[in-house]
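Undergrad: This is the structure I want to talk about, given as structure tokens.
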Amino acid sequence: MKTRVAGILAMALVIHASTSAPVFAQAASQISGMVKDQSGAVLPGVEITATQTDTGIARSTVSNETGSYVLPNLAVGPYRLEAALQGFRTFVQSGIVLQVNSSPVINPILQVGQVSDQVEVQANAALVETRRTAVGQVIENQRILELPLNGRNVIDLVTLSGVAVALPAVRSAWFLNLNPISIGGQAFFGTDYSLDGAYHRNYLTGTYMPIAFPDAVQEFKVESSGQSAERGAGSSVSVVTKSGTNDLHGDLFYFIRNDGFGSAREYFATKASTYKRNQFGGTVGGPIRKNKLFFFGGFQQTIRRENPGNSISTVPTPAMMAGDWTTFASAACNLGTPRTLRAPFVNNQISPSQYVAPSVYISNQLLDSLKQDGITPDPCGRITYNTPSNEDDRQYVGKADYQINEKQSAFVRILATEQKVPNAFSLDPNLLNWTNTGLDQLATSVAIGHTYLINSNVVHSFRLAFNRTAHRYVPNLAFSYCTAGVNMWCDENPKTIGAMSISGGFTMGSTSARGEYWTGSSYAVNDDLNWVRGAHQMALGGGAWQGRVNEFTHFASTGQLNFNGSVTGLGMGDFFLGNLNTLFQGLPNTNATRQNSLNMYFTDTWKTTPRLTLNYGIRWEPFLPQNVTNGQISVFDMNRFRQGTKSTVFVNAPAGFYFPGDPGFPGKSATYSQWAHFDPRV
């Protein structure tokens with residue numbers, strides 16, 4: 001056990017030091033080479049067997065007339081390779097480690113002798129690849145576990161590839177803590193993500209679904225360029241989760257970060273940090289039936305607590321409530337520049353009888369909530385207050401691998417990530433924290449895979465994936481603008497006020513209210529056939545996926561108000577007198593979209609000579625646009641605008657706009673499908 005205190009205290013308890021072992025052809029690794037005798041002559045008919053040492057599962061093939069062989073669709077992990085032919089000693093090479101999407105070349109040299117005799121070679125040097133064109137880097141299990149990770153988020157290690165940059169996080173409504181990543185200078189949505197060889201993208205964001213925690217990940221590979229026709233994107237990230245082996249293995253871990261222990265940043269901070277994070281969990285894997293059926297499971301929980309008291313705002317003072325604005329408008333309260341209320345007000349005085357009832361109600365409610373926290377504004381109305389922020393995350397990983405027979409294997413894997421953030425009012429009644437809405441999120445990824453060895457030269461693989469993110473806001477409920485006395489529509493949200501901003505004053509309220517949700521789902525299938533014929537290794541396959549989004553939000557229905565001081569010269573003055581600058585309000589928003597995608601590809605790796613390999617292929621992937629299934633979509637056309645053409649569906653819409661049902665509108669989409677999309681690769 002190692003302990004380090006420097007702002008972070010990490011403690012880990014390990015039950016078994018051995019790491020979890022590899023998976024069942026869930027990432028397309030392979031071994032290839034050419035068999036020769038001691039004189040350099042090629043040897044056809046040699047039986048080549050690769051055995052995964054952790055599970056005892058073996059794959060065999062026979063070298064062809066040129067002495068070449070290929071063992072495609074192998075699982076990642078440690079292997080032993082044997083080459084046997086009557087009249088020659090058996091060649092054995094151990095210590096071979098296959099990584100994600102790797103293709104090492106191993107060229108056995110057979111010596112004359114009895115087949116029962118063995119010539120054993122230990123693979124200590126790095127294995128050379130000659131068949132793959134993609135440029136990438138593997139982040140193996142040891143680095144995943146040992147490199148420092150803030151929050152133990154595996155995807156952060158993608159930036160170690162040297163060509164990847166993490167970007168600011170997308171909206172929390174599309175799932176928390178998922179920072180987009182740009183690889184090779186591409187747009188963040190231009191990367192293909194796979195988990196255990198199955199589709200693993202978040203349809204809401206175009207990026208990745210949550211990845212398992214470090215103890216449950218075997219390794220991953222980042223490829224930044226040179227993709228074959230099997231890939232539709234310019235870059236890719238392929239992740240493999242751990243699997244069970246013939247040995248029972250597991251670990252327990254506990255990590256603590258508590259800034260109360262002190263850190264370098266504490267010496268420069270004006271206030272002590274209140275950040276506390278506890279992460280704990282474990283994994284276990286092993287055999288259900290040795291050499292046949294294996295299981296793996298893992299769990300991690302993260303508890304984060306933080307209550308920084310560094311938020312600053314300006315609220316009404318007792319003097320202002322009584323009509324005396326002298327101090328509030330003084331130079332001392334306005335960065336050295338005195339302010340004066342505009343006419344008809346004199347001497348910075350406003351009679352409280354002129355205050356509108358809603359503003360008085362909101363101010364009293366706000367000041368009462370501050371009193372509960374023991375907060376009293378200074379003569380300028382300034383206060384410093386706490387903004388508590390709690391988060392509880394849980395992640396579950398489950399996986400089963402089944403070697404059905406010597407030709408067939410299958411696996412099923414589920415990954416569930418749960419995130420809960422309580423709303424602010426459940427932690428502190430301060431109305432200034434109204435905007436800190438709670439979150440209730442669940443991301444689920446399921447993959448099913450099947451690999452079938454048709455013969456020693458033909459392998460078929462199938463993957464089925466389901467990904468879903470479900471988000472629900474947990475709003476802060478207290479009162480509405482109608483409760484305060486404002487004459488406006490509040491039926492949809494009787495206990496929530498919309499975001500209200502006051503120039504030089506406070507901000508309060510939220511655009512969130514009851515019943516809001518975002519749900520993004522995707523269904524994907526991939527079918528691939530890989531076969532070796534002579535000097536050619538060919539692959540033919542295709543895939544399809546469908547993405548769906550259903551959304552209901554209150555962005556406009558709660559009402560958004562702004563007071564900017566355009567009447568009295570002070571934003572707070574306009575607020576108390578009801579001089580509204582802007583009001584934005586509308587009906588709740590709904591969104592229901594659906595998109596389909598198809599693709600087919602063919603690739604060939606042609607070993608033209610022992611020193612020259614030609615890779616080529618073609619990919620067909622038509623553009624099929626999103627369909628807005630509820631019909632809430634419009635398109636603006638400049639030619640229609642110039643001609644003064646108006647919609648026949650919404651006759652009051654401006655010229656140039658047209659909608660589903662209008663002549664020439666592309667169904668329930670904003671554009672037409674484009675089927676002739678072909679992408680050759682050489």
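Residue numbering restarts at 1 for every chain of the structure tokens, chains are lettered A, B, ... in their displayed order, and ligands are numbered from 1 as they appear.
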Which residues are near Phe425 of chain A? Cut-off 10 Å, only C-alpha atoms, ignore same chain within fewer than 5 positions. Put them as a compact mmCIF listing (two decimals) with N, CA and C atoms, in the first residue's frame.
TA:
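So selection24.txt came out as:
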# COMPACT_ATOMS: atom_id res chain seq x y z
N PRO A 388 -22.74 25.37 -2.61
CA PRO A 388 -22.44 23.95 -2.42
C PRO A 388 -22.61 23.16 -3.71
N ASN A 430 -30.43 29.24 0.11
CA ASN A 430 -30.09 30.53 -0.49
C ASN A 430 -30.65 30.62 -1.91
N LEU A 431 -31.55 31.60 -2.15
CA LEU A 431 -32.19 31.72 -3.46
C LEU A 431 -31.23 32.13 -4.56
N LEU A 432 -30.06 32.67 -4.21
CA LEU A 432 -29.08 33.03 -5.23
C LEU A 432 -28.52 31.79 -5.93
N ASN A 433 -28.67 30.63 -5.35
CA ASN A 433 -28.20 29.38 -5.96
C ASN A 433 -29.29 28.71 -6.80
N TRP A 434 -30.36 29.45 -7.10
CA TRP A 434 -31.49 28.89 -7.83
C TRP A 434 -31.06 28.26 -9.15
N THR A 435 -30.06 28.88 -9.78
CA THR A 435 -29.65 28.39 -11.10
C THR A 435 -28.94 27.05 -11.05
N ASN A 436 -28.49 26.62 -9.87
CA ASN A 436 -27.75 25.35 -9.74
C ASN A 436 -28.73 24.18 -9.66
N THR A 437 -29.19 23.78 -10.81
CA THR A 437 -30.18 22.72 -10.92
C THR A 437 -29.54 21.35 -10.67
N GLY A 438 -30.30 20.44 -10.13
CA GLY A 438 -29.81 19.08 -9.92
C GLY A 438 -29.84 18.27 -11.21
N PRO A 475 -35.22 20.37 -10.70
CA PRO A 475 -35.28 21.83 -10.54
C PRO A 475 -35.37 22.25 -9.08
N ASN A 476 -35.00 23.49 -8.82
CA ASN A 476 -35.21 24.12 -7.52
C ASN A 476 -36.61 24.75 -7.51
N LEU A 477 -37.40 24.40 -6.55
CA LEU A 477 -38.78 24.87 -6.49
C LEU A 477 -38.98 25.75 -5.26
N ALA A 478 -39.59 26.92 -5.46
CA ALA A 478 -39.90 27.82 -4.34
C ALA A 478 -41.17 28.60 -4.65
Undergrad: Check the DSSP output for the backbone and give back, as a PyMOL selection string, the residues of segment 312-421 of chain A in strand (DSSP E).
TA: chain A and resi 312-314+382-385+389-403+408-421
Undergrad: Give me, please, the distance in Å between atom CA of Ala670 of chain A and atom CA of Gly656 of chain A, quoted to one decimal.
TA: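 About the pair atom CA of Ala670 of chain A and atom CA of Gly656 of chain A: they are 14.0 Å apart.
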Undergrad: When you count only C-alpha atoms, which of these residues is closest to Lys242 of chain A: A:Gln218, A:Thr451, A:Ser102, A:Asn581?
TA: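 Closest candidate: A:Gln218.
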Undergrad: List the neighbours of Cys482 of chain A out to 10 Å using only C-alpha atoms; skip same-chain residues closer than 2 positions along the sequence, and give me the result as a short mmCIF file (atom, residue, chain, number, x, y, z; two decimals) with C-alpha atoms, in the first residue's frame.
TA:
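Dumped everything to out.cif:
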data_model
loop_
_atom_site.label_atom_id
_atom_site.label_comp_id
_atom_site.auth_asym_id
_atom_site.auth_seq_id
_atom_site.Cartn_x
_atom_site.Cartn_y
_atom_site.Cartn_z
CA PRO A 358 -43.43 41.65 -7.18
CA PHE A 479 -42.29 30.29 -5.98
CA SER A 480 -43.13 31.66 -9.41
CA ALA A 484 -44.83 37.29 -6.52
CA GLY A 485 -47.67 39.15 -8.24
CA VAL A 486 -46.48 39.39 -11.85
CA ASN A 487 -49.27 39.19 -14.42
CA MET A 488 -47.83 36.57 -16.78
CA TRP A 489 -48.29 32.93 -17.79
CA CYS A 490 -47.09 30.58 -15.03
CA ASP A 491 -49.33 27.53 -15.51
CA ASN A 493 -44.20 26.06 -13.79
CA PRO A 494 -46.07 27.28 -10.68
CA LYS A 495 -43.03 27.05 -8.36
CA THR A 496 -40.17 28.28 -10.53
CA ILE A 497 -39.00 31.66 -11.75
#
Undergrad: Kindly indicate which residue among A:Thr49, A:Asn307, A:Thr66, A:Gln419 lies nearest to Met34 of chain A, using only C-alpha atoms for the distances.
TA: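 Under the stated criterion, the closest residue is A:Thr66.
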Undergrad: For Thr376 of chain A, work out the shell of residues within 12 Å, counting only C-alpha atoms and skipping chain neighbours fewer than 2 positions away, then give it as a list in words.
TA: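 After dropping sequence-adjacent residues, the list is Ser313, Thr314, Val315, Pro316, Thr317, Pro318, Leu366, Leu367, Asp368, Ser369, Leu370, Lys371, Gln372, Asp373, Gly374, Asp378, Pro379, Cys380, Gly381, Arg382, Ile383, Thr384 and Tyr385 of chain A.
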Undergrad: Pull the closest atom pair for each residue of segment 274-320 of chain A that gets at most 10 Å from segment 142-159 of chain A, along with the distance in Å to one decimal, counting only C-alpha atoms, ordering rows by chain and then ascending residue number, as JSON lines.
TA:
{"residue": "A:Arg277", "atom": "CA", "partner": "A:Gly151", "partner_atom": "CA", "distance": 8.6}
{"residue": "A:Asn278", "atom": "CA", "partner": "A:Gly151", "partner_atom": "CA", "distance": 9.6}
{"residue": "A:Gln279", "atom": "CA", "partner": "A:Gly151", "partner_atom": "CA", "distance": 8.3}
{"residue": "A:Thr302", "atom": "CA", "partner": "A:Gly151", "partner_atom": "CA", "distance": 8.5}
Undergrad: May I have the selected residues written with N, CA and C atoms, as a CSV table (one decimal), in the first residue's frame?
TA:
chain,number,residue,atom,x,y,z
A,277,ARG,N,-13.0,14.4,-2.3
A,277,ARG,CA,-13.5,13.3,-3.2
A,277,ARG,C,-13.0,12.0,-2.7
A,278,ASN,N,-14.0,11.0,-2.7
A,278,ASN,CA,-13.7,9.7,-2.3
A,278,ASN,C,-14.1,8.8,-3.5
A,279,GLN,N,-13.1,7.9,-3.9
A,279,GLN,CA,-13.4,6.9,-5.0
A,279,GLN,C,-13.0,5.6,-4.5
A,302,THR,N,-17.9,7.2,-6.8
A,302,THR,CA,-17.2,8.5,-6.6
A,302,THR,C,-18.2,9.4,-5.8
Undergrad: Find the residues near segment 390-403 of chain A: any atom within 6 Å, counting only C-alpha atoms, skip ones fewer than 5 places away on the same chain, and give them as a list in words.
TA: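 The filter keeps Lys292, Leu293, Phe294, Phe295, Phe296, Gly297, Gly298, Phe299, Gln300, Gln301, Thr302, Ile303, Arg304, Arg305, Ser409, Ala410, Phe411, Val412, Arg413, Ile414, Leu415, Ala416, Thr417, Glu418, Gln419, Lys420 and Val421 of chain A.
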Undergrad: Can you spit out the residues from that selection as a PDB file, in the first residue's frame, using C-alpha atoms?
TA:
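The result, written out as again-v2.pdb:
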ATOM      1  CA  LYS A 292     -14.844 -22.414 -21.779  1.00  0.00           C
ATOM      2  CA  LEU A 293     -16.837 -19.779 -19.896  1.00  0.00           C
ATOM      3  CA  PHE A 294     -15.468 -16.708 -18.079  1.00  0.00           C
ATOM      4  CA  PHE A 295     -16.866 -13.753 -16.151  1.00  0.00           C
ATOM      5  CA  PHE A 296     -15.689 -10.279 -15.150  1.00  0.00           C
ATOM      6  CA  GLY A 297     -17.376  -7.614 -13.030  1.00  0.00           C
ATOM      7  CA  GLY A 298     -16.434  -4.252 -11.610  1.00  0.00           C
ATOM      8  CA  PHE A 299     -17.847  -1.353  -9.592  1.00  0.00           C
ATOM      9  CA  GLN A 300     -16.658   2.151  -8.791  1.00  0.00           C
ATOM     10  CA  GLN A 301     -18.336   4.874  -6.745  1.00  0.00           C
ATOM     11  CA  THR A 302     -17.236   8.495  -6.597  1.00  0.00           C
ATOM     12  CA  ILE A 303     -18.435  10.870  -3.886  1.00  0.00           C
ATOM     13  CA  ARG A 304     -17.551  14.540  -4.314  1.00  0.00           C
ATOM     14  CA  ARG A 305     -18.317  17.326  -1.848  1.00  0.00           C
ATOM     15  CA  SER A 409     -16.933 -17.715 -29.435  1.00  0.00           C
ATOM     16  CA  ALA A 410     -19.308 -15.088 -28.063  1.00  0.00           C
ATOM     17  CA  PHE A 411     -19.393 -12.356 -25.453  1.00  0.00           C
ATOM     18  CA  VAL A 412     -21.835  -9.962 -23.828  1.00  0.00           C
ATOM     19  CA  ARG A 413     -20.853  -6.798 -21.981  1.00  0.00           C
ATOM     20  CA  ILE A 414     -22.816  -4.117 -20.145  1.00  0.00           C
ATOM     21  CA  LEU A 415     -21.504  -0.804 -18.857  1.00  0.00           C
ATOM     22  CA  ALA A 416     -23.755   1.472 -16.794  1.00  0.00           C
ATOM     23  CA  THR A 417     -22.775   4.917 -15.485  1.00  0.00           C
ATOM     24  CA  GLU A 418     -25.008   6.768 -13.030  1.00  0.00           C
ATOM     25  CA  GLN A 419     -24.516  10.422 -12.063  1.00  0.00           C
ATOM     26  CA  LYS A 420     -26.544  12.323  -9.498  1.00  0.00           C
ATOM     27  CA  VAL A 421     -26.160  15.972  -8.531  1.00  0.00           C
TER      28      VAL A 421
END
Undergrad: What does the structure give for the distance between atom CA of Phe584 of chain A and atom CA of Glu492 of chain A, in Å to one decimal?
TA: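 Atom CA of Glu492 of chain A lies at a distance of 15.2 Å from atom CA of Phe584 of chain A.
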